[in-house]
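Okay, so here's the structure we're looking at.
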Amino acid sequence: MKRVYNFGAGPAVLPESVLQEAQNELLDYRGSGMSIMEMSHRSKEYDAVHEEAIANIREIMGLSSDYAVLFLTGGASGQFAMVPMNLVGDGQFADYTNSGSWAAKAIKEAGTIARVNIAADCGKELPARVPDESDLKLTKGAAYLHITTNETISGAQWKIFPSSEAPLVADMSSDILSRPVDADRFGLIYAGAQKNLGPAGVTLVVINKDLAERVSDSVPIMFRYKTHIENNSLYNTPPCFSIYMLMLVTRWIKSNGGLTSMAEINERKARKLYDAIDAGEYFTGTAAREYRSNMNVTFRLPSEELESRFIAEASDRGMKGLKGHRSVGGIRASIYNAFPEEGVDALVAFMKEFERENG
Ligand SMILES: *Cc1c(COP(=O)(O)O)cnc(C)c1O
């Protein structure tokens, strides 16, 4: 067996120890004689997994009892619709910040449901960045303010979250659990699992329970947060296996020192790559310095031809998934929580070597 360094943006690398544990338990989960995938979501074995996953998220994020932890389906993209469906009243505005591709998709979907105010727009700027609080033009009485904490494609990240009178709603898909966050500042946080939490299939929602009460009776039962809060995410069959994997990943985060430790390691890994980018003129970072993501490190080489060669040669050396998103090109090294530091060192060494040979 040979594992590669997987720089893919999502689905992304998982901790090897987690994969091994899942493998060990795959055919016979804890003496039940069946896989966790094959058993009832009302069984005592699955119930323990479900409760531990919720408890781990609560502990790691430091959530008060004002918040509910939900495991839904439909991805972060489903939340683009569910958020306005639940939170925007008749004729009310929702404020959105446009920071790039993912924010733009959230805005487009919200526009089918609610009146949207673009509070700040730097989605197409280069070098890439996210708005500053001082850029925001907020609507009085807005239902909420939506931000995308990390733009996975451009590699720009919010470092300081804005404050607003309206509840803050955040798409944290690509940097959830990568750093300590004061959850009390948010009304709702959502994330597709496949970047930092586990495999695709489960969507984490952390919501202030009062906010969930806003929903109108015209919203289908299945699409109300309230329904899932009342049923502890067991209104219908949840994505049991993905939740099981999320439980193992959150256990791994806890045993590795929680978010303070994750942030420290992530900071160090990212700094190594940004230092390599800044070491000369050969590489150019895609995001403006103050907004550089610690999760998705994006950069360019002097030409597209060199970029293609860089990606191909890196791949030959077992460094996969470095091609930038098809909409922007360039190089993207995604270095989520589970991405090993040795892989970052290997990429830094390769960058130096590549420049020597092709500079
Ligand atoms: C990947 C990603 C999404 C889309 O997630 P899905 O689960 O595929 O819907 C949305 N927002 C951000 C910031 C992402 O990185």
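To be explicit about the labels: the chains of the structure tokens are called A, B, and onward in the order shown, and within each one the residues are counted from 1, while ligands get numbers from 1 in the order they are shown.
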
Enumerate residues in contact with ligand 1: an atom-to-atom distance of at most 10 Å, counting only C-alpha atoms and all ligand atoms. Format the result as JSON, numbers by chain. {"A": [9, 10, 11, 73, 74, 75, 76, 77, 78, 79, 80, 100, 101, 102, 103, 104, 105, 106, 147, 148, 149, 150, 151, 152, 153, 157, 170, 171, 172, 173, 174, 175, 176, 190, 191, 192, 193, 194, 195, 196, 200, 201, 202, 203, 204, 296]}

Show which residues sit within 8 Å of Lys323 (chain A), as a list in words. Count only C-alpha atoms, and ignore same-chain residues fewer than 3 positions away. Ile311, Gly329, Gly330, Ile331 and Arg332 of chain A

Determine which residues of region 228-347 of chain A receive a DSSP assignment of strand (DSSP E or B), computed from the backbone, and state them as a PyMOL selection string. chain A and resi 284-285+287+292+296-300+319-320+323+331-334

Give me, as a tab-separated table, each residue of region 295-318 of chain A that comes within 12 Å of region 342-349 of chain A, together with its shortest interatomic pair and the distance in Å at one decimal, counting only C-alpha atoms, with rows ordered by chain and rising residue number.
```
residue	atom	partner	partner_atom	distance
A:Met295	CA	A:Val344	CA	11.9
A:Val297	CA	A:Val344	CA	10.8
A:Phe310	CA	A:Leu347	CA	10.7
A:Ile311	CA	A:Leu347	CA	11.0
A:Glu313	CA	A:Leu347	CA	11.2
A:Ala314	CA	A:Leu347	CA	7.9
A:Ser315	CA	A:Leu347	CA	10.7
A:Arg317	CA	A:Ala346	CA	9.3
A:Gly318	CA	A:Gly343	CA	9.6
```

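Closest approach to Glu51 (chain A) among A:Ile160, A:Ala142, A:Val69, A:Ala212 is made by A:Val69 (distances from only C-alpha atoms).
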
Which residues are close to region 43-46 of chain A, i.e. within 9 Å by only C-alpha atoms, leaving aside same-chain residues fewer than 3 positions away? Reply as a list of chain:residue names. A:Tyr29, A:Arg30, A:Ser32, A:Ile36, A:Met39, A:Ser40, A:Val49, A:His50, A:Glu51, A:Cys240, A:Tyr244

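With CA of Tyr67 (chain A) on one side and CA of Ser255 (chain A) on the other, the separation reads 23.6 Å.
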
Which one is closest to Asp275 (chain A): A:Lys352, A:Arg42, A:Pro220, A:Pro302? Count only C-alpha atoms. A:Lys352

As JSON, numbers by chain, please: the residues near Gly187 (chain A) (cut-off 12 Å, only C-alpha atoms, same-chain neighbours under 2 positions excluded). {"A": [63, 66, 67, 68, 83, 87, 143, 144, 145, 146, 147, 163, 164, 165, 166, 167, 168, 169, 170, 171, 182, 183, 184, 185, 189, 190, 205, 206, 207, 208, 209, 210, 211, 212]}

Please identify which residues in region 174-355 of chain A DSSP calls helix (DSSP H, G or I) from the backbone, and express them as a PyMOL selection string. chain A and resi 183-185+209-212+221-223+225-230+240-255+258-278+289-291+304-316+341-355
